[in-house]
file data13.cif (mmCIF, C-alpha atoms)
data_query
loop_
_atom_site.group_PDB
_atom_site.id
_atom_site.type_symbol
_atom_site.label_atom_id
_atom_site.label_comp_id
_atom_site.auth_asym_id
_atom_site.auth_seq_id
_atom_site.Cartn_x
_atom_site.Cartn_y
_atom_site.Cartn_z
ATOM 1 C CA MET B 48 128.393 127.871 82.163
ATOM 2 C CA LYS B 49 125.323 127.020 84.186
ATOM 3 C CA PRO B 50 124.775 123.337 84.998
ATOM 4 C CA GLN B 51 121.316 121.825 84.716
ATOM 5 C CA PHE B 52 121.625 120.623 88.301
ATOM 6 C CA ALA B 53 123.618 122.626 90.815
ATOM 7 C CA THR B 54 125.509 120.593 93.412
ATOM 8 C CA GLY B 55 127.442 121.786 96.428
ATOM 9 C CA TYR B 56 130.561 119.654 95.990
ATOM 10 C CA PRO B 57 134.024 121.140 95.566
ATOM 11 C CA ALA B 58 134.414 120.621 91.856
ATOM 12 C CA ILE B 59 136.721 120.739 88.880
ATOM 13 C CA ALA B 60 135.905 123.564 86.454
ATOM 14 C CA PRO B 61 134.042 122.525 83.295
ATOM 15 C CA ARG B 62 136.231 122.634 80.178
ATOM 16 C CA PHE B 63 133.690 122.067 77.432
ATOM 17 C CA GLY B 64 130.865 124.210 76.125
ATOM 18 C CA ILE B 65 127.514 123.231 74.651
ATOM 19 C CA GLY B 66 127.892 122.111 71.033
ATOM 20 C CA GLU B 67 131.639 121.571 71.352
ATOM 21 C CA LYS B 68 133.058 118.507 69.583
ATOM 22 C CA VAL B 69 134.636 115.993 71.952
ATOM 23 C CA LYS B 70 136.299 112.634 71.638
ATOM 24 C CA VAL B 71 135.903 109.903 74.243
ATOM 25 C CA ARG B 72 139.234 108.571 75.450
ATOM 26 C CA ALA B 73 139.983 105.125 74.075
ATOM 27 C CA THR B 74 141.444 103.548 77.151
ATOM 28 C CA ALA B 75 140.550 100.579 79.297
ATOM 29 C CA PRO B 76 141.445 101.106 82.959
ATOM 30 C CA LEU B 77 140.384 98.548 85.523
ATOM 31 C CA GLY B 78 137.671 99.274 88.036
ATOM 32 C CA HIS B 79 134.147 100.602 88.129
ATOM 33 C CA ILE B 80 133.901 102.630 84.907
ATOM 34 C CA ARG B 81 130.695 104.388 83.833
ATOM 35 C CA THR B 82 131.889 105.056 80.276
ATOM 36 C CA PRO B 83 130.545 102.224 78.101
ATOM 37 C CA PHE B 84 133.077 100.377 75.965
ATOM 38 C CA TYR B 85 131.105 100.907 72.782
ATOM 39 C CA ILE B 86 131.554 104.660 72.872
ATOM 40 C CA ARG B 87 135.271 104.841 73.674
ATOM 41 C CA GLY B 88 137.245 106.433 70.843
ATOM 42 C CA HIS B 89 134.148 108.015 69.289
ATOM 43 C CA THR B 90 133.472 111.667 68.608
ATOM 44 C CA GLY B 91 130.311 113.522 69.505
ATOM 45 C CA GLU B 92 129.184 116.916 70.705
ATOM 46 C CA ILE B 93 128.243 118.273 74.091
ATOM 47 C CA GLU B 94 124.446 118.306 74.411
ATOM 48 C CA ARG B 95 124.302 119.734 77.932
ATOM 49 C CA PHE B 96 126.287 120.249 81.114
ATOM 50 C CA CYS B 97 124.485 118.216 83.790
ATOM 51 C CA GLY B 98 126.424 119.403 86.836
ATOM 52 C CA CYS B 99 129.393 118.194 88.904
ATOM 53 C CA PHE B 100 129.226 114.814 90.615
ATOM 54 C CA PRO B 101 131.637 112.687 92.662
ATOM 55 C CA ASN B 102 133.765 110.488 90.410
ATOM 56 C CA PRO B 103 132.152 107.013 90.467
ATOM 57 C CA GLU B 104 135.522 105.363 89.827
ATOM 58 C CA GLU B 105 136.704 106.812 93.148
ATOM 59 C CA LEU B 106 133.429 106.138 94.982
ATOM 60 C CA ALA B 107 133.753 102.465 94.050
ATOM 61 C CA GLN B 108 137.093 102.451 95.906
ATOM 62 C CA MET B 109 135.403 103.807 99.050
ATOM 63 C CA ARG B 110 136.896 107.268 98.512
ATOM 64 C CA ASP B 111 134.877 110.490 98.401
ATOM 65 C CA GLY B 112 135.176 111.069 94.652
ATOM 66 C CA LEU B 113 136.071 114.727 95.199
ATOM 67 C CA PRO B 114 136.697 117.162 93.709
ATOM 68 C CA ALA B 115 133.547 116.414 91.740
ATOM 69 C CA GLN B 116 133.859 115.848 88.006
ATOM 70 C CA PRO B 117 131.809 117.826 85.491
ATOM 71 C CA LEU B 118 129.278 115.510 83.867
ATOM 72 C CA TYR B 119 128.013 116.113 80.337
ATOM 73 C CA ARG B 120 125.491 114.559 78.024
ATOM 74 C CA VAL B 121 127.245 113.893 74.746
ATOM 75 C CA ARG B 122 125.367 113.347 71.499
ATOM 76 C CA PHE B 123 126.786 110.882 68.961
ATOM 77 C CA LYS B 124 125.582 110.147 65.470
ATOM 78 C CA GLN B 125 124.625 106.485 65.281
ATOM 79 C CA LYS B 126 126.325 106.186 61.896
ATOM 80 C CA GLU B 127 129.590 107.361 63.458
ATOM 81 C CA VAL B 128 129.316 104.852 66.299
ATOM 82 C CA TRP B 129 128.163 101.920 64.164
ATOM 83 C CA PRO B 130 129.256 102.252 60.508
ATOM 84 C CA ASP B 131 126.700 99.606 59.485
ATOM 85 C CA TYR B 132 123.870 101.236 61.483
ATOM 86 C CA ARG B 133 120.459 100.593 59.938
ATOM 87 C CA GLY B 134 118.466 103.792 60.056
ATOM 88 C CA PRO B 135 118.601 107.399 58.876
ATOM 89 C CA ASP B 136 121.708 109.580 59.274
ATOM 90 C CA SER B 137 119.842 111.726 61.787
ATOM 91 C CA ASP B 138 119.544 109.021 64.490
ATOM 92 C CA VAL B 139 121.628 109.671 67.593
ATOM 93 C CA VAL B 140 122.622 108.133 70.899
ATOM 94 C CA GLU B 141 123.160 110.403 73.905
ATOM 95 C CA ILE B 142 125.331 109.342 76.812
ATOM 96 C CA GLU B 143 126.388 110.832 80.141
ATOM 97 C CA ILE B 144 130.158 111.098 80.229
ATOM 98 C CA PHE B 145 132.428 112.567 82.872
ATOM 99 C CA GLN B 146 134.925 115.236 81.823
ATOM 100 C CA HIS B 147 138.056 113.203 82.551
ATOM 101 C CA TRP B 148 136.940 110.805 79.787
ATOM 102 C CA LEU B 149 136.699 113.561 77.183
ATOM 103 C CA GLU B 150 139.224 115.419 75.067
ATOM 104 C CA LYS B 151 138.823 118.119 72.429
ATOM 105 C CA ALA B 152 138.083 116.597 69.027
ATOM 106 C CA MET R 650 111.374 88.926 104.679
ATOM 107 C CA SER R 651 110.664 87.305 101.368
ATOM 108 C CA ASP R 652 107.491 85.312 100.993
ATOM 109 C CA ARG R 653 108.906 82.162 99.495
ATOM 110 C CA GLY R 654 105.960 79.848 98.897
ATOM 111 C CA THR R 655 107.256 76.454 97.931
ATOM 112 C CA TYR R 656 110.804 75.531 98.735
ATOM 113 C CA GLN R 657 113.365 76.353 96.080
ATOM 114 C CA PRO R 658 117.135 76.447 96.484
ATOM 115 C CA PHE R 659 118.657 79.908 96.819
ATOM 116 C CA THR R 660 120.064 81.427 93.676
ATOM 117 C CA TYR R 661 123.509 83.013 93.843
ATOM 118 C CA TYR R 662 122.108 86.545 94.222
ATOM 119 C CA GLN R 663 119.451 85.552 96.758
ATOM 120 C CA LEU R 664 122.129 83.952 98.879
ATOM 121 C CA MET R 665 124.302 87.046 98.599
ATOM 122 C CA GLU R 666 121.379 89.344 99.474
ATOM 123 C CA THR R 667 120.329 87.251 102.464
ATOM 124 C CA SER R 668 123.859 86.926 103.791
ATOM 125 C CA LEU R 669 124.540 90.633 103.463
ATOM 126 C CA ARG R 670 121.199 91.638 104.988
ATOM 127 C CA GLU R 671 121.571 89.278 107.937
ATOM 128 C CA LEU R 672 125.064 90.566 108.579
ATOM 129 C CA LEU R 673 123.905 94.190 108.510
ATOM 130 C CA VAL R 674 121.076 93.378 110.910
ATOM 131 C CA GLU R 675 123.388 91.374 113.176
ATOM 132 C CA LYS R 676 125.826 94.276 113.338
ATOM 133 C CA GLY R 677 122.989 96.650 114.208
ATOM 134 C CA LEU R 678 123.430 98.829 111.105
ATOM 135 C CA VAL R 679 119.842 98.318 109.967
ATOM 136 C CA THR R 680 116.829 96.548 111.391
ATOM 137 C CA ASP R 681 114.574 94.009 109.668
ATOM 138 C CA GLU R 682 111.754 96.528 110.049
ATOM 139 C CA GLN R 683 113.709 99.170 108.140
ATOM 140 C CA VAL R 684 114.489 96.733 105.345
ATOM 141 C CA ASN R 685 110.849 95.642 105.140
ATOM 142 C CA ALA R 686 109.641 99.252 105.110
ATOM 143 C CA GLU R 687 112.008 100.097 102.252
ATOM 144 C CA VAL R 688 110.909 97.068 100.227
ATOM 145 C CA ALA R 689 107.253 97.987 100.812
ATOM 146 C CA ALA R 690 107.905 101.587 99.748
ATOM 147 C CA MET R 691 109.674 100.415 96.600
ATOM 148 C CA ARG R 692 106.809 98.100 95.697
ATOM 149 C CA ALA R 693 104.256 100.833 96.339
ATOM 150 C CA ARG R 694 105.766 103.098 93.667
ATOM 151 C CA GLN R 695 103.920 102.598 90.427
ATOM 152 C CA PRO R 696 104.113 104.197 86.963
ATOM 153 C CA GLU R 697 101.014 106.259 87.851
ATOM 154 C CA ARG R 698 103.401 108.735 89.439
ATOM 155 C CA GLY R 699 105.114 109.358 86.116
ATOM 156 C CA ALA R 700 101.767 109.435 84.300
ATOM 157 C CA ARG R 701 100.649 112.267 86.561
ATOM 158 C CA VAL R 702 103.698 114.298 85.548
ATOM 159 C CA VAL R 703 103.053 113.689 81.846
ATOM 160 C CA ALA R 704 99.349 114.537 82.035
ATOM 161 C CA LYS R 705 100.148 117.759 83.878
ATOM 162 C CA ALA R 706 102.662 118.711 81.171
ATOM 163 C CA TRP R 707 100.041 118.051 78.500
ATOM 164 C CA ILE R 708 97.494 120.451 79.975
ATOM 165 C CA ASP R 709 99.818 123.095 81.397
ATOM 166 C CA ASP R 710 102.365 124.436 78.944
ATOM 167 C CA ALA R 711 104.259 126.533 81.502
ATOM 168 C CA PHE R 712 104.686 123.415 83.642
ATOM 169 C CA ARG R 713 105.852 121.497 80.558
ATOM 170 C CA GLN R 714 108.569 124.056 79.974
ATOM 171 C CA ARG R 715 109.705 123.944 83.591
ATOM 172 C CA LEU R 716 109.684 120.140 83.422
ATOM 173 C CA LEU R 717 111.989 120.112 80.405
ATOM 174 C CA LYS R 718 114.293 122.637 82.036
ATOM 175 C CA ASN R 719 114.551 120.852 85.384
ATOM 176 C CA GLY R 720 112.565 117.642 85.847
ATOM 177 C CA THR R 721 113.424 117.400 89.527
ATOM 178 C CA ALA R 722 112.109 120.845 90.457
ATOM 179 C CA ALA R 723 108.944 120.314 88.404
ATOM 180 C CA CYS R 724 108.168 116.997 90.139
ATOM 181 C CA GLU R 725 108.705 118.584 93.526
ATOM 182 C CA GLU R 726 106.255 121.257 92.484
ATOM 183 C CA LEU R 727 103.640 118.500 92.143
ATOM 184 C CA GLY R 728 104.444 117.332 95.660
ATOM 185 C CA LEU R 729 106.037 114.099 94.459
ATOM 186 C CA GLU R 730 108.597 112.703 96.829
ATOM 187 C CA ILE R 731 111.640 111.999 94.668
ATOM 188 C CA PRO R 732 114.720 111.607 96.888
ATOM 189 C CA ALA R 733 118.041 112.140 95.089
ATOM 190 C CA LEU R 734 116.447 112.001 91.641
ATOM 191 C CA ARG R 735 118.026 114.177 88.969
ATOM 192 C CA LEU R 736 115.423 113.945 86.295
ATOM 193 C CA VAL R 737 116.022 114.760 82.651
ATOM 194 C CA VAL R 738 112.761 114.827 80.691
ATOM 195 C CA VAL R 739 113.055 114.283 76.947
ATOM 196 C CA GLU R 740 110.179 115.333 74.769
ATOM 197 C CA ASN R 741 108.782 113.473 71.788
ATOM 198 C CA THR R 742 107.765 115.674 68.870
ATOM 199 C CA PRO R 743 106.621 114.948 65.314
ATOM 200 C CA GLN R 744 110.341 115.071 64.390
ATOM 201 C CA VAL R 745 111.931 113.271 67.347
ATOM 202 C CA HIS R 746 111.275 110.024 69.174
ATOM 203 C CA ASN R 747 113.136 109.347 72.434
ATOM 204 C CA ALA R 748 113.849 106.054 74.163
ATOM 205 C CA ILE R 749 115.690 105.189 77.376
ATOM 206 C CA VAL R 750 118.150 102.418 78.148
ATOM 207 C CA CYS R 751 120.939 101.739 80.607
ATOM 208 C CA THR R 752 123.577 99.660 78.853
ATOM 209 C CA LEU R 753 125.756 99.327 81.967
ATOM 210 C CA CYS R 754 123.180 98.054 84.447
ATOM 211 C CA SER R 755 119.533 99.008 84.842
ATOM 212 C CA CYS R 756 119.357 102.678 85.868
ATOM 213 C CA TYR R 757 115.709 103.669 85.776
ATOM 214 C CA PRO R 758 113.571 106.446 87.309
ATOM 215 C CA ARG R 759 112.259 104.075 89.982
ATOM 216 C CA VAL R 760 110.748 106.787 92.136
ATOM 217 C CA LEU R 761 108.515 107.769 89.209
ATOM 218 C CA LEU R 762 107.959 104.460 87.416
ATOM 219 C CA GLY R 763 108.438 101.835 90.130
ATOM 220 C CA ILE R 764 110.410 98.651 89.659
ATOM 221 C CA PRO R 765 111.676 98.262 86.072
ATOM 222 C CA PRO R 766 110.216 95.505 83.896
ATOM 223 C CA ASP R 767 112.422 92.437 83.465
ATOM 224 C CA TRP R 768 113.040 93.147 79.793
ATOM 225 C CA TYR R 769 114.534 96.545 80.669
ATOM 226 C CA LYS R 770 117.246 94.727 82.628
ATOM 227 C CA SER R 771 117.795 92.037 80.005
ATOM 228 C CA ARG R 772 121.074 91.842 78.123
ATOM 229 C CA ASN R 773 119.077 91.687 74.899
ATOM 230 C CA TYR R 774 117.369 95.076 75.392
ATOM 231 C CA ARG R 775 120.424 96.751 76.912
ATOM 232 C CA SER R 776 122.798 95.748 74.145
ATOM 233 C CA ARG R 777 120.476 96.073 71.165
ATOM 234 C CA MET R 778 118.680 99.304 72.061
ATOM 235 C CA VAL R 779 121.779 101.393 71.357
ATOM 236 C CA ARG R 780 122.812 99.307 68.361
ATOM 237 C CA GLU R 781 119.564 98.803 66.447
ATOM 238 C CA PRO R 782 116.844 100.819 68.184
ATOM 239 C CA ARG R 783 114.496 100.714 65.195
ATOM 240 C CA ALA R 784 114.502 96.914 65.147
ATOM 241 C CA VAL R 785 113.951 96.755 68.917
ATOM 242 C CA LEU R 786 111.085 99.266 68.806
ATOM 243 C CA ALA R 787 109.485 97.304 65.961
ATOM 244 C CA GLU R 788 109.528 94.236 68.204
ATOM 245 C CA PHE R 789 107.533 96.286 70.713
ATOM 246 C CA GLY R 790 105.111 97.021 67.884
ATOM 247 C CA LEU R 791 106.335 100.565 67.379
ATOM 248 C CA ARG R 792 107.411 101.506 63.870
ATOM 249 C CA ILE R 793 109.086 104.886 63.692
ATOM 250 C CA PRO R 794 109.161 106.487 60.208
ATOM 251 C CA GLU R 795 112.622 107.209 58.773
ATOM 252 C CA ALA R 796 111.780 110.923 58.709
ATOM 253 C CA VAL R 797 111.640 110.882 62.518
ATOM 254 C CA GLN R 798 114.942 111.080 64.385
ATOM 255 C CA ILE R 799 115.459 108.490 67.104
ATOM 256 C CA ARG R 800 117.341 109.649 70.165
ATOM 257 C CA VAL R 801 118.420 106.819 72.417
ATOM 258 C CA HIS R 802 119.477 107.939 75.888
ATOM 259 C CA ASP R 803 122.000 105.725 77.623
ATOM 260 C CA SER R 804 121.544 106.332 81.328
ATOM 261 C CA THR R 805 125.165 105.855 82.418
ATOM 262 C CA ALA R 806 125.678 108.172 85.386
ATOM 263 C CA ASP R 807 123.752 110.488 87.736
ATOM 264 C CA MET R 808 120.783 111.468 85.559
ATOM 265 C CA ARG R 809 117.546 109.532 85.255
ATOM 266 C CA TYR R 810 115.259 109.891 82.270
ATOM 267 C CA LEU R 811 111.580 110.159 81.515
ATOM 268 C CA VAL R 812 110.115 110.385 78.031
ATOM 269 C CA LEU R 813 107.392 112.972 77.627
ATOM 270 C CA PRO R 814 105.247 111.343 74.932
ATOM 271 C CA MET R 815 103.100 113.288 72.479
ATOM 272 C CA ARG R 816 99.507 113.808 73.500
ATOM 273 C CA PRO R 817 97.374 111.715 71.139
ATOM 274 C CA GLN R 818 94.805 113.341 68.881
ATOM 275 C CA GLY R 819 91.258 112.858 70.034
ATOM 276 C CA THR R 820 91.993 113.770 73.663
ATOM 277 C CA GLU R 821 90.968 117.414 73.342
ATOM 278 C CA GLY R 822 89.041 118.532 76.389
ATOM 279 C CA TRP R 823 90.095 115.563 78.546
ATOM 280 C CA ASP R 824 90.913 116.372 82.142
ATOM 281 C CA GLU R 825 94.225 115.578 83.795
ATOM 282 C CA ALA R 826 93.088 112.328 85.441
ATOM 283 C CA ARG R 827 91.631 110.949 82.217
ATOM 284 C CA LEU R 828 94.803 111.857 80.335
ATOM 285 C CA ALA R 829 96.975 110.207 82.984
ATOM 286 C CA GLY R 830 94.993 107.019 82.399
ATOM 287 C CA ILE R 831 96.408 106.583 78.890
ATOM 288 C CA VAL R 832 100.040 107.260 79.816
ATOM 289 C CA THR R 833 101.608 103.825 80.082
ATOM 290 C CA ARG R 834 104.911 102.872 81.669
ATOM 291 C CA ASP R 835 106.265 101.802 78.281
ATOM 292 C CA SER R 836 105.372 105.148 76.719
ATOM 293 C CA MET R 837 107.498 106.887 79.363
ATOM 294 C CA ILE R 838 110.448 104.593 78.559
ATOM 295 C CA GLY R 839 109.896 105.292 74.871
ATOM 296 C CA VAL R 840 109.122 101.778 73.625
ATOM 297 C CA ALA R 841 105.450 102.637 73.055
ATOM 298 C CA VAL R 842 103.249 105.676 72.505
ATOM 299 C CA PRO R 843 99.973 106.469 74.272
ATOM 300 C CA THR R 844 96.861 105.539 72.340
ATOM 301 C CA ILE R 845 93.151 105.953 72.919
ATOM 302 C CA GLY R 846 90.299 103.513 72.567
#
call {"tool": "encode", "arguments": {"input": "data13.cif", "output": "structure tokens"}}
result
Amino acid sequence: MKPQFATGYPAIAPRFGIGEKVKVRATAPLGHIRTPFYIRGHTGEIERFCGCFPNPEELAQMRDGLPAQPLYRVRFKQKEVWPDYRGPDSDVVEIEIFQHWLEKA
Amino acid sequence: MSDRGTYQPFTYYQLMETSLRELLVEKGLVTDEQVNAEVAAMRARQPERGARVVAKAWIDDAFRQRLLKNGTAACEELGLEIPALRLVVVENTPQVHNAIVCTLCSCYPRVLLGIPPDWYKSRNYRSRMVREPRAVLAEFGLRIPEAVQIRVHDSTADMRYLVLPMRPQGTEGWDEARLAGIVTRDSMIGVAVPTIG
């Protein structure tokens, strides 16, 4: 699968394809985490494969963050994220999430 | 470095910034001149850069398609200096309205839009834009019909976002510079749309 942005880092192979349903891991490790709390445990679908980037959780610990983690944009239905969401069913929120935070839904 | 007119006590973050900067200078890792040059460069970047990209996309459909495919490459094509920017351009259509937020901090396409407005960094905008975007947009004076899908983009990692607004009716025959003049910063964040007159 071709990333939107090619990077030269040694990287982990991407596991998810465009349109695939994924669930965000519902876990709360300490440290510098780029997965917002509000989306943990929710299910969405892969919108695009951005490319592979050093893991920010490792970078924050002064390590190199390699091998790079595949980064995706995941599309979530607002009504799935917020059951009392005020707006049409079609509204979505799209978030960049690294592969190690995702599992098959 | 900072032009502090009347005396005011340092805030927590000013004190941290000054301490860190003075330490870095003292240790010879950066010079005051380098810091000043970077601050000047940051202040010099204005939303006009982004407006140029939008106007070009409005008049040149092939460019528009390249922009949507790879925002970084398309900006470089225009000769814009955009170090380390991985730009995702999201396009408004009659069916879709896009808006940008960073719930974790304040990620923003600074090299295209300059320094973000204070409200973009506020807890209010950051927390509510993903939760009740229609209410937030209405507070900006933008009412999106229910038939239009809202896509909120939470800028959480390595991508930066730019909204490509719809070209308003009544701008037929305008040249690129005139078009760029109606592309506001807020319309490229997605909390407004360009208007004429």
call {"tool": "resolve_selection", "arguments": {"input": "data13.cif", "expression": "the PyMOL selection byres ((chain R and resi 823-840) around 6)", "output": "count of residues only"}}
result
16
call {"tool": "interface_residues", "arguments": {"input": "data13.cif", "of": "chain R", "to": "chain B", "cutoff": "7 Å", "atoms": "only C-alpha atoms", "output": "list in words"}}
result
Asn719, Leu753, Val779, Glu781, Glu795, Gln798, Ile799, Arg800, Val801, His802, Asp803, Ser804, Thr805 and Ala806 of chain R
call {"tool": "residues_near_point", "arguments": {"input": "data13.cif", "point": "(115.4, 100.7, 81.1)", "cutoff": "8 Å", "atoms": "all atoms listed in the file", "output": "list in words"}}
result
Ile749, Val750, Cys751, Ser755, Cys756, Tyr757, Pro765, Pro766, Tyr769, Lys770, Arg775 and Ile838 of chain R
call {"tool": "resolve_selection", "arguments": {"input": "data13.cif", "expression": "the PyMOL selection byres ((chain R and resi 722) around 12)", "output": "count of residues only"}}
result
30
call {"tool": "residues_around", "arguments": {"input": "data13.cif", "residues": "Thr74 of chain B", "least_positions_apart": "4", "cutoff": "10 Å", "atoms": "all atoms listed in the file", "output": "ChimeraX atom specification"}}
result
/B:84,87-88,148
call {"tool": "write_last_selection", "arguments": {"input": "data13.cif", "atoms": "C-alpha atoms", "output": "PDB file, in the coordinates of the input"}}
result
ATOM      1  CA  PHE B  84     133.077 100.377  75.965  1.00  0.00           C
ATOM      2  CA  ARG B  87     135.271 104.841  73.674  1.00  0.00           C
ATOM      3  CA  GLY B  88     137.245 106.433  70.843  1.00  0.00           C
ATOM      4  CA  TRP B 148     136.940 110.805  79.787  1.00  0.00           C
TER       5      TRP B 148
END
call {"tool": "residues_around", "arguments": {"input": "data13.cif", "residues": "segment 70-73 of chain B", "least_positions_apart": "3", "cutoff": "7 Å", "atoms": "only C-alpha atoms", "output": "ChimeraX atom specification"}}
result
/B:86-91,148-152
call {"tool": "write_last_selection", "arguments": {"input": "data13.cif", "atoms": "C-alpha atoms", "output": "CSV table (one decimal), keeping the file's coordinate frame"}}
result
chain,number,residue,atom,x,y,z
B,86,ILE,CA,131.6,104.7,72.9
B,87,ARG,CA,135.3,104.8,73.7
B,88,GLY,CA,137.2,106.4,70.8
B,89,HIS,CA,134.1,108.0,69.3
B,90,THR,CA,133.5,111.7,68.6
B,91,GLY,CA,130.3,113.5,69.5
B,148,TRP,CA,136.9,110.8,79.8
B,149,LEU,CA,136.7,113.6,77.2
B,150,GLU,CA,139.2,115.4,75.1
B,151,LYS,CA,138.8,118.1,72.4
B,152,ALA,CA,138.1,116.6,69.0
call {"tool": "atom_distance", "arguments": {"input": "data13.cif", "atom1": "atom CA of Gln116 of chain B", "atom2": "atom CA of Gln146 of chain B"}}
result
6.3 Å
call {"tool": "atom_distance", "arguments": {"input": "data13.cif", "atom1": "atom CA of Pro57 of chain B", "atom2": "atom CA of Pro114 of chain B"}}
result
5.1 Å
